[in-house]
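Structure below is protein-v1.txt: compact mmCIF, C-alpha atoms.
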# COMPACT_ATOMS: atom_id res chain seq x y z
CA MET A 11 116.37 16.78 -30.50
CA GLY A 12 113.05 15.00 -30.84
CA LEU A 13 110.54 13.63 -28.43
CA GLU A 14 112.80 10.72 -27.53
CA SER A 15 115.29 13.04 -25.84
CA GLN A 16 112.57 14.13 -23.43
CA VAL A 17 111.41 10.62 -22.61
CA ASN A 18 113.83 8.07 -21.26
CA SER A 19 111.71 5.07 -22.08
CA PRO A 20 110.52 3.96 -25.53
CA PHE A 21 106.99 3.62 -24.11
CA LEU A 22 104.36 6.14 -23.06
CA ALA A 23 101.39 5.49 -20.85
CA THR A 24 98.25 7.33 -22.01
CA THR A 25 94.62 6.71 -22.86
CA LEU A 26 93.34 5.68 -26.27
CA ASP A 27 91.07 8.73 -26.40
CA GLU A 28 94.02 11.03 -25.79
CA VAL A 29 96.00 9.58 -28.66
CA ILE A 30 93.10 9.43 -31.10
CA ASN A 31 91.89 12.92 -30.30
CA TRP A 32 95.44 14.25 -30.52
CA GLY A 33 95.67 12.81 -34.00
CA ARG A 34 92.23 13.98 -35.06
CA LYS A 35 92.53 17.53 -33.87
CA ASN A 36 95.90 18.11 -35.50
CA SER A 37 95.08 16.68 -38.90
CA MET A 38 91.65 17.92 -39.89
CA TRP A 39 90.95 17.83 -43.60
CA PRO A 40 88.63 20.69 -44.46
CA LEU A 41 86.06 20.64 -47.23
CA PRO A 42 85.28 24.20 -48.36
CA PHE A 43 81.62 24.66 -49.28
CA GLY A 44 82.18 28.16 -50.60
CA THR A 45 79.20 29.99 -52.04
CA ALA A 46 80.04 33.66 -51.53
CA CYS A 47 82.69 36.16 -50.47
CA CYS A 48 83.51 34.24 -47.26
CA ALA A 49 85.15 31.67 -49.52
CA ILE A 50 87.46 34.41 -50.83
CA GLU A 51 88.41 35.15 -47.24
CA PHE A 52 89.11 31.46 -46.78
CA MET A 53 91.78 31.72 -49.48
CA GLY A 54 93.51 34.17 -47.17
CA VAL A 55 93.17 31.73 -44.28
CA VAL A 56 94.86 28.99 -46.29
CA SER A 57 97.57 31.19 -47.77
CA GLY A 58 100.93 32.00 -46.21
CA ARG A 59 100.09 35.15 -44.29
CA PHE A 60 97.59 33.45 -41.97
CA ASP A 61 98.38 29.84 -42.83
CA ILE A 62 95.84 27.31 -41.59
CA SER A 63 98.56 24.64 -41.81
CA ARG A 64 99.90 25.90 -38.48
CA PHE A 65 96.84 24.12 -37.08
CA GLY A 66 97.24 21.00 -39.19
CA ALA A 67 94.23 21.68 -41.39
CA GLU A 68 95.86 22.76 -44.62
CA LEU A 69 94.95 19.73 -46.70
CA VAL A 70 91.84 21.09 -48.37
CA ARG A 71 89.78 18.32 -49.97
CA PHE A 72 87.10 18.78 -52.54
CA SER A 73 85.60 15.37 -52.03
CA PRO A 74 83.34 14.93 -49.00
CA ARG A 75 84.52 11.31 -48.73
CA GLN A 76 88.00 12.52 -47.82
CA ALA A 77 87.11 15.38 -45.47
CA ASP A 78 86.17 15.63 -41.83
CA LEU A 79 85.75 19.39 -41.38
CA LEU A 80 82.99 21.04 -43.40
CA LEU A 81 83.41 24.79 -43.77
CA VAL A 82 80.20 26.38 -45.01
CA MET A 83 81.22 29.77 -46.29
CA GLY A 84 78.56 31.99 -47.74
CA THR A 85 74.92 32.29 -48.64
CA VAL A 86 73.03 29.02 -49.02
CA THR A 87 69.88 29.33 -51.11
CA GLN A 88 66.80 27.16 -50.72
CA LYS A 89 67.59 25.63 -54.09
CA GLN A 90 71.03 24.63 -52.87
CA ALA A 91 69.93 23.37 -49.46
CA PRO A 92 69.55 19.69 -50.48
CA VAL A 93 73.02 19.81 -52.04
CA LEU A 94 74.59 20.93 -48.76
CA LYS A 95 72.64 18.29 -46.88
CA GLN A 96 73.81 15.62 -49.30
CA ILE A 97 77.45 16.69 -49.03
CA TYR A 98 77.24 16.57 -45.24
CA ASP A 99 75.70 13.10 -45.38
CA GLN A 100 78.46 11.91 -47.67
CA MET A 101 81.20 12.83 -45.20
CA PRO A 102 82.39 9.89 -43.09
CA ASN A 103 82.43 10.13 -39.31
CA PRO A 104 83.95 11.76 -37.38
CA LYS A 105 83.00 15.13 -38.85
CA TRP A 106 82.66 18.70 -37.69
CA VAL A 107 81.05 21.77 -39.19
CA ILE A 108 82.07 25.42 -39.10
CA SER A 109 79.45 27.93 -40.19
CA MET A 110 81.47 30.86 -41.45
CA GLY A 111 79.99 34.33 -41.63
CA ALA A 112 76.62 35.95 -41.19
CA CYS A 113 74.90 34.33 -44.19
CA ALA A 114 75.70 30.73 -43.34
CA SER A 115 74.92 31.28 -39.66
CA SER A 116 71.65 33.18 -39.95
CA GLY A 117 70.94 34.11 -43.55
CA GLY A 118 72.63 37.44 -42.92
CA PHE A 119 70.84 40.36 -44.50
CA TYR A 120 69.23 38.03 -47.03
CA ASP A 121 66.02 37.76 -45.03
CA ASN A 122 64.02 36.79 -48.10
CA TYR A 123 62.26 34.05 -50.03
CA SER A 124 65.33 32.49 -51.55
CA VAL A 125 67.89 32.10 -48.75
CA VAL A 126 68.12 29.52 -45.98
CA GLN A 127 68.00 31.36 -42.65
CA GLY A 128 71.03 29.63 -41.17
CA ILE A 129 72.46 26.27 -42.17
CA ASP A 130 71.53 24.80 -38.79
CA GLU A 131 68.11 24.30 -40.35
CA LEU A 132 69.80 21.61 -42.42
CA ILE A 133 72.84 20.19 -40.66
CA PRO A 134 74.33 20.32 -37.13
CA VAL A 135 76.88 23.09 -36.64
CA ASP A 136 79.77 22.99 -34.17
CA VAL A 137 81.15 26.52 -34.39
CA TYR A 138 79.61 29.70 -35.75
CA VAL A 139 81.94 32.45 -36.92
CA ALA A 140 80.65 36.01 -36.82
CA GLY A 141 81.55 38.57 -39.43
CA CYS A 142 80.70 39.64 -42.93
CA PRO A 143 83.08 38.26 -43.97
CA PRO A 144 85.02 37.18 -40.87
CA ARG A 145 88.68 38.06 -40.53
CA PRO A 146 91.04 35.13 -41.17
CA GLU A 147 92.07 35.21 -37.49
CA ASN A 148 88.43 34.62 -36.66
CA VAL A 149 88.35 31.48 -38.80
CA LEU A 150 91.56 30.23 -37.22
CA GLY A 151 89.87 30.87 -33.87
CA ALA A 152 87.04 28.61 -34.97
CA VAL A 153 89.50 25.88 -35.93
CA VAL A 154 91.05 26.13 -32.46
CA LYS A 155 87.56 25.91 -30.94
CA ILE A 156 86.94 22.71 -32.89
CA GLN A 157 90.26 21.36 -31.65
CA GLU A 158 89.25 22.12 -28.07
CA LYS A 159 85.98 20.34 -28.68
CA ILE A 160 87.75 17.29 -30.11
CA GLU A 161 89.94 17.10 -27.00
CA ARG A 162 86.83 16.63 -24.88
CA GLU A 163 85.30 13.96 -27.09
CA LYS A 164 85.36 10.21 -26.59
CA ALA A 165 86.52 8.24 -29.59
CA ALA A 166 83.77 5.71 -28.95
CA ASP A 167 81.10 8.39 -29.38
CA TRP A 168 81.62 8.34 -33.12
CA LYS A 169 80.05 5.36 -34.76
CA MET B 29 70.45 58.85 -83.67
CA ASP B 30 69.19 61.20 -81.02
CA GLU B 31 66.99 59.18 -78.72
CA VAL B 32 64.23 61.80 -78.74
CA GLN B 33 64.00 61.25 -82.48
CA ILE B 34 63.57 57.53 -81.97
CA VAL B 35 60.54 58.20 -79.78
CA GLU B 36 59.18 60.60 -82.40
CA ARG B 37 59.62 58.00 -85.11
CA LEU B 38 57.87 55.40 -83.02
CA LYS B 39 54.95 57.76 -82.47
CA ALA B 40 54.76 58.58 -86.17
CA LYS B 41 54.88 54.96 -87.22
CA PHE B 42 52.66 53.33 -84.61
CA GLY B 43 50.39 56.20 -83.58
CA GLU B 44 47.84 55.10 -81.02
CA LYS B 45 49.59 51.85 -80.32
CA ILE B 46 52.03 53.90 -78.26
CA LEU B 47 50.07 54.27 -75.03
CA SER B 48 52.46 56.72 -73.39
CA THR B 49 56.04 57.93 -73.39
CA TYR B 50 58.23 59.33 -70.69
CA THR B 51 61.75 60.55 -70.13
CA PHE B 52 63.68 60.14 -66.92
CA ALA B 53 67.33 61.06 -66.40
CA GLY B 54 67.87 61.22 -70.14
CA GLN B 55 66.40 57.75 -70.68
CA HIS B 56 63.48 57.45 -73.03
CA ALA B 57 60.71 54.92 -72.72
CA VAL B 58 57.55 54.06 -74.57
CA THR B 59 54.67 52.01 -73.23
CA ILE B 60 52.70 49.75 -75.55
CA GLY B 61 50.18 46.96 -75.29
CA PRO B 62 51.02 43.25 -75.59
CA ASP B 63 49.32 43.01 -78.98
CA SER B 64 51.70 45.43 -80.69
CA LEU B 65 54.84 44.26 -78.89
CA ARG B 66 56.32 42.03 -81.58
CA GLU B 67 55.47 44.47 -84.34
CA VAL B 68 57.26 47.32 -82.54
CA LEU B 69 60.29 45.27 -81.48
CA ILE B 70 60.75 43.75 -84.94
CA TRP B 71 60.68 47.21 -86.43
CA LEU B 72 63.17 48.54 -83.87
CA ARG B 73 65.49 45.63 -84.52
CA ASP B 74 65.32 45.57 -88.30
CA ASP B 75 65.18 49.27 -89.22
CA ARG B 76 68.60 50.10 -90.70
CA GLU B 77 68.87 53.43 -88.90
CA LEU B 78 67.70 52.15 -85.54
CA ASP B 79 69.49 48.79 -85.59
CA PHE B 80 68.65 47.66 -82.05
CA SER B 81 70.78 44.56 -82.25
CA TRP B 82 71.03 43.88 -78.54
CA LEU B 83 68.27 43.11 -76.07
CA MET B 84 70.08 43.99 -72.85
CA ASP B 85 67.46 42.96 -70.33
CA VAL B 86 63.86 41.98 -69.82
CA GLY B 87 62.43 42.85 -66.44
CA GLY B 88 59.09 42.76 -64.69
CA VAL B 89 57.39 45.40 -62.55
CA ASP B 90 54.47 44.94 -60.18
CA TYR B 91 52.64 48.19 -59.45
CA LEU B 92 50.25 46.75 -56.87
CA GLY B 93 49.87 49.35 -54.13
CA TYR B 94 52.37 51.69 -55.73
CA PRO B 95 52.10 55.02 -53.87
CA GLY B 96 50.19 57.76 -55.67
CA ASP B 97 49.33 55.43 -58.50
CA ASP B 98 45.74 54.35 -57.85
CA ASP B 99 44.40 55.10 -61.32
CA ARG B 100 46.88 52.96 -63.25
CA GLU B 101 44.95 50.68 -65.57
CA TRP B 102 47.41 47.81 -65.52
CA ARG B 103 49.09 45.98 -62.68
CA PHE B 104 52.26 44.66 -64.34
CA GLU B 105 54.76 45.92 -66.81
CA VAL B 106 57.41 44.04 -68.72
CA ALA B 107 60.33 46.29 -69.65
CA TYR B 108 62.61 45.59 -72.60
CA GLN B 109 65.93 47.44 -72.55
CA LEU B 110 67.26 47.78 -76.07
CA TYR B 111 70.70 48.93 -77.17
CA SER B 112 72.22 49.42 -80.58
CA LEU B 113 75.84 48.35 -80.70
CA GLY B 114 76.29 49.95 -84.10
CA LYS B 115 74.56 53.28 -83.44
CA ASN B 116 75.20 53.58 -79.70
CA HIS B 117 71.69 54.51 -78.67
CA ARG B 118 69.18 53.01 -76.32
CA ILE B 119 65.45 52.81 -75.74
CA ARG B 120 63.19 51.19 -73.20
CA VAL B 121 59.97 49.55 -74.38
CA LYS B 122 57.43 48.74 -71.69
CA VAL B 123 54.47 46.46 -72.13
CA ALA B 124 51.39 47.10 -70.04
CA VAL B 125 49.98 43.84 -68.62
CA THR B 126 46.58 44.26 -67.01
CA ASP B 127 46.80 41.19 -64.78
CA ASP B 128 48.10 37.66 -64.90
CA SER B 129 45.32 36.49 -67.21
CA VAL B 130 47.04 38.45 -69.98
CA SER B 131 50.09 36.92 -71.61
CA VAL B 132 52.85 38.62 -73.54
CA PRO B 133 54.22 37.30 -76.83
CA SER B 134 57.67 35.84 -76.51
CA VAL B 135 60.52 37.48 -78.41
CA TRP B 136 63.04 34.70 -77.94
CA ASP B 137 63.14 34.12 -81.69
CA LEU B 138 64.17 37.76 -82.24
CA TRP B 139 66.90 37.79 -79.60
CA GLY B 140 68.01 34.42 -78.23
CA VAL B 141 68.84 35.94 -74.84
CA ALA B 142 65.17 36.60 -74.25
CA ASN B 143 64.72 32.91 -73.56
CA TRP B 144 66.19 32.96 -70.06
CA MET B 145 65.12 36.54 -69.32
CA GLU B 146 61.50 35.69 -69.99
CA ARG B 147 61.82 32.61 -67.81
CA GLU B 148 63.06 34.87 -65.02
CA VAL B 149 60.08 37.22 -65.40
CA TRP B 150 57.76 34.21 -65.41
CA ASP B 151 59.43 32.76 -62.32
CA LEU B 152 59.35 35.92 -60.22
CA PHE B 153 56.25 37.74 -61.50
CA GLY B 154 54.10 35.01 -63.05
CA ILE B 155 53.70 36.75 -66.38
CA ARG B 156 53.23 34.18 -69.14
CA PHE B 157 55.00 34.45 -72.48
CA ASP B 158 53.18 32.99 -75.44
CA GLY B 159 55.34 31.01 -77.82
CA HIS B 160 58.18 30.51 -75.36
CA PRO B 161 59.79 27.10 -75.99
CA ASN B 162 60.57 26.25 -72.38
CA LEU B 163 58.71 28.42 -69.89
CA ARG B 164 59.91 26.86 -66.63
CA ARG B 165 61.23 28.40 -63.44
CA ILE B 166 64.84 29.45 -63.70
CA LEU B 167 65.83 30.90 -60.29
CA CYS B 168 63.47 29.46 -57.70
CA HIS B 169 63.38 25.72 -57.19
CA ASP B 170 60.85 23.57 -59.01
CA GLU B 171 58.63 23.01 -55.98
CA PHE B 172 58.23 26.74 -55.34
CA VAL B 173 54.60 27.88 -55.24
CA GLY B 174 53.66 31.41 -56.25
CA HIS B 175 55.81 34.20 -57.63
CA ALA B 176 58.27 35.72 -55.22
CA LEU B 177 58.61 39.31 -56.43
CA ARG B 178 54.89 40.01 -56.62
CA LYS B 179 53.89 42.64 -54.11
CA ASP B 180 51.26 40.34 -52.63
CA TYR B 181 53.75 37.53 -51.99
CA PRO B 182 54.05 37.31 -48.17
CA ILE B 183 57.43 38.73 -47.23
CA ASN B 184 58.02 36.13 -44.52
CA ARG B 185 56.98 33.11 -46.52
CA ARG B 186 59.70 30.47 -46.84
CA GLN B 187 59.49 27.43 -49.10
CA LYS B 188 61.95 24.68 -48.36
CA LEU B 189 63.23 22.22 -50.89
CA LEU B 190 63.76 18.94 -49.08
CA GLN B 191 64.91 16.61 -51.84
CA PRO B 192 67.43 17.45 -54.52
CA SER B 193 65.44 18.15 -57.64
CA GLU B 194 66.47 16.65 -60.90
CA MET B 195 69.72 18.20 -62.03
CA ILE B 196 69.28 21.03 -64.44
CA LEU B 197 68.46 19.54 -67.78
CA CYS B 198 70.80 20.64 -70.50
CA GLU B 199 68.40 20.91 -73.34
CA ARG B 200 69.85 21.69 -76.70
CA MET B 201 67.98 24.53 -78.25
CA GLU B 202 67.82 25.22 -81.92
CA TRP B 203 68.31 28.97 -82.11
CA ALA B 204 66.26 30.74 -84.70

I need this file expressed as structure tokens, please.
Amino acid sequence: MGLESQVNSPFLATTLDEVINWGRKNSMWPLPFGTACCAIEFMGVVSGRFDISRFGAELVRFSPRQADLLLVMGTVTQKQAPVLKQIYDQMPNPKWVISMGACASSGGFYDNYSVVQGIDELIPVDVYVAGCPPRPENVLGAVVKIQEKIEREKAADWK
Amino acid sequence: MDEVQIVERLKAKFGEKILSTYTFAGQHAVTIGPDSLREVLIWLRDDRELDFSWLMDVGGVDYLGYPGDDDREWRFEVAYQLYSLGKNHRIRVKVAVTDDSVSVPSVWDLWGVANWMEREVWDLFGIRFDGHPNLRRILCHDEFVGHALRKDYPINRRQKLLQPSEMILCERMEWA
């Protein structure tokens, strides 16, 4: 039934990176930084119809100390910018960032005095998701992109 | 009461203090100077037949460079949207503000909601309100320089806040 029926020996030969990355990519704990309608779309991503748990990332945490995937969903104002920076800094390594939607990625149509023109002015971003708001499939695509990125990482790169 | 009648009453009572009136899309407005603002608003609020119990909004207008409007004597206006819950009628009172050296009397003691609305007008237009208990920025961050909705504020100017400012102080206000 299980893995043991496929493998005749109780031991597997692999690399440490392979095992660690396999664990990391399939158990990401997302922190939703939801400031606008993209966060409503994220509810759809988490819920049964699209179901982010198929990718092992269903355990949404609201404490940055417990999360390793930051999802920035929505418009980030200049007044809020230090808050986002602080939340990112509070997350322990390893950590990844998805910038969801037009506003988080570029300011969107809020090209004005009050809105940060893309969160990459503040924190490093791994995957940008286009859309206003993006379809749930698009967000799942970003999660898969992060997983592909994790596969290529070396565990020792994270301090 | 018919809203045209309200304007007529205002004209009869305050005469030359009413600088102008206009009607647009069935909405009636009167323009007055800052000196007569409190007098007019107190009368509108306390008159039994007018009964403007609700100050719905306070907004600012900057007419700098407004097309076809070169001979306007004042640059700013502060608009008070009044509504009577009991009588179901509305009126708009506008205050002509020549420039930012002129301040407008605060009405926060007449309607408590004016407190935050006046802070918003101060934040975005730089119009001062005399007698306001706490005239600080409300929307832009504390390190913001200038007033963002003025027509001469550069459209591309960005002001970053690098450090988290002190969390919003929850000051207990004694409402009049």

Please report as a PDB file with C-alpha atoms, in the frame of the given file which residues of chain A come no farther than 12 Å from chain B, using only C-alpha atoms.
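Result written to part-v5.pdb:
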ATOM      1  CA  VAL A  86      73.030  29.020 -49.020  1.00  0.00           C
ATOM      2  CA  THR A  87      69.880  29.330 -51.110  1.00  0.00           C
ATOM      3  CA  GLN A  88      66.800  27.160 -50.720  1.00  0.00           C
ATOM      4  CA  LYS A  89      67.590  25.630 -54.090  1.00  0.00           C
ATOM      5  CA  GLN A  90      71.030  24.630 -52.870  1.00  0.00           C
ATOM      6  CA  ALA A  91      69.930  23.370 -49.460  1.00  0.00           C
ATOM      7  CA  PRO A  92      69.550  19.690 -50.480  1.00  0.00           C
ATOM      8  CA  VAL A  93      73.020  19.810 -52.040  1.00  0.00           C
ATOM      9  CA  LEU A  94      74.590  20.930 -48.760  1.00  0.00           C
ATOM     10  CA  LYS A  95      72.640  18.290 -46.880  1.00  0.00           C
ATOM     11  CA  GLN A  96      73.810  15.620 -49.300  1.00  0.00           C
ATOM     12  CA  ILE A  97      77.450  16.690 -49.030  1.00  0.00           C
ATOM     13  CA  TYR A 120      69.230  38.030 -47.030  1.00  0.00           C
ATOM     14  CA  ASP A 121      66.020  37.760 -45.030  1.00  0.00           C
ATOM     15  CA  ASN A 122      64.020  36.790 -48.100  1.00  0.00           C
ATOM     16  CA  TYR A 123      62.260  34.050 -50.030  1.00  0.00           C
ATOM     17  CA  SER A 124      65.330  32.490 -51.550  1.00  0.00           C
ATOM     18  CA  VAL A 125      67.890  32.100 -48.750  1.00  0.00           C
ATOM     19  CA  VAL A 126      68.120  29.520 -45.980  1.00  0.00           C
ATOM     20  CA  GLN A 127      68.000  31.360 -42.650  1.00  0.00           C
ATOM     21  CA  GLU A 131      68.110  24.300 -40.350  1.00  0.00           C
ATOM     22  CA  LEU A 132      69.800  21.610 -42.420  1.00  0.00           C
TER      23      LEU A 132
END

Spatial neighbours of Lys155 in chain A, 12 Å, all atoms listed in the file, chain gap at least 6 places, as number ranges by chain
A: 35, 65, 106-108, 136-139, 148-149, 161-162

One decimal, Å: what's the distance from CA of Ala46 in chain A over to CA of Arg145 in chain A, could you say?
14.7 Å

Find the residue from A:Asp130, A:Glu147, A:Glu28, A:Glu163 that sits nearest to Asp61 in chain A; use all atoms listed in the file when measuring.
A:Glu147

Hey, which of B:Arg76, B:Val35, B:Tyr94, B:Ala107 ends up closest to Val121 in chain B? Count all atoms listed in the file.
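Of all the options, B:Ala107 lies closest to Val121 in chain B.
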
Atomic distance CA of Val123 in chain B - CA of Asp63 in chain B, expressed in Å with one decimal
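For CA of Val123 in chain B relative to CA of Asp63 in chain B, the distance reads 9.2 Å.
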
Please provide the set of residues having any atom within 9 Å of Arg178 in chain B, restricted to all atoms listed in the file, with same-chain residues fewer than 5 positions apart removed, written as a PyMOL selection string.
chain B and resi 89-92+152-154

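Using all atoms listed in the file, the smallest distance between any of A:Met110, A:Ala140, A:Val153, A:Leu81 and Gly66 in chain A comes from A:Val153.
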
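The two atoms in question, CA of Trp136 in chain B and CA of Gly159 in chain B, are spaced 8.5 Å apart.
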
For Gly111 in chain A, please output as a PyMOL selection string all residues within 12 Å (counting all atoms listed in the file; exclusion window: fewer than 2 positions along the same chain).
chain A and resi 44-52+81-86+108-109+113-119+128-129+137-146+148-149+152

Compile the contact shell of Val86 in chain B as a PyMOL selection string: residues with an atom at most 9 Å away, counting all atoms listed in the file, same-chain residues fewer than 4 positions apart removed.
chain B and resi 106-109+142+145-146+148-149

Excluding Val70 in chain A and any residue of its chain fewer than 5 positions from it, enumerate the residues within 8 Å of it, using only C-alpha atoms, and give them as an mmCIF file with C-alpha atoms, in the frame of the given file.
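Written out: part_2.cif:
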data_model
loop_
_atom_site.group_PDB
_atom_site.id
_atom_site.type_symbol
_atom_site.label_atom_id
_atom_site.label_comp_id
_atom_site.auth_asym_id
_atom_site.auth_seq_id
_atom_site.Cartn_x
_atom_site.Cartn_y
_atom_site.Cartn_z
ATOM 1 C CA TRP A 39 90.950 17.830 -43.600
ATOM 2 C CA PRO A 40 88.630 20.690 -44.460
ATOM 3 C CA LEU A 41 86.060 20.640 -47.230
ATOM 4 C CA PRO A 42 85.280 24.200 -48.360
ATOM 5 C CA ALA A 77 87.110 15.380 -45.470
#
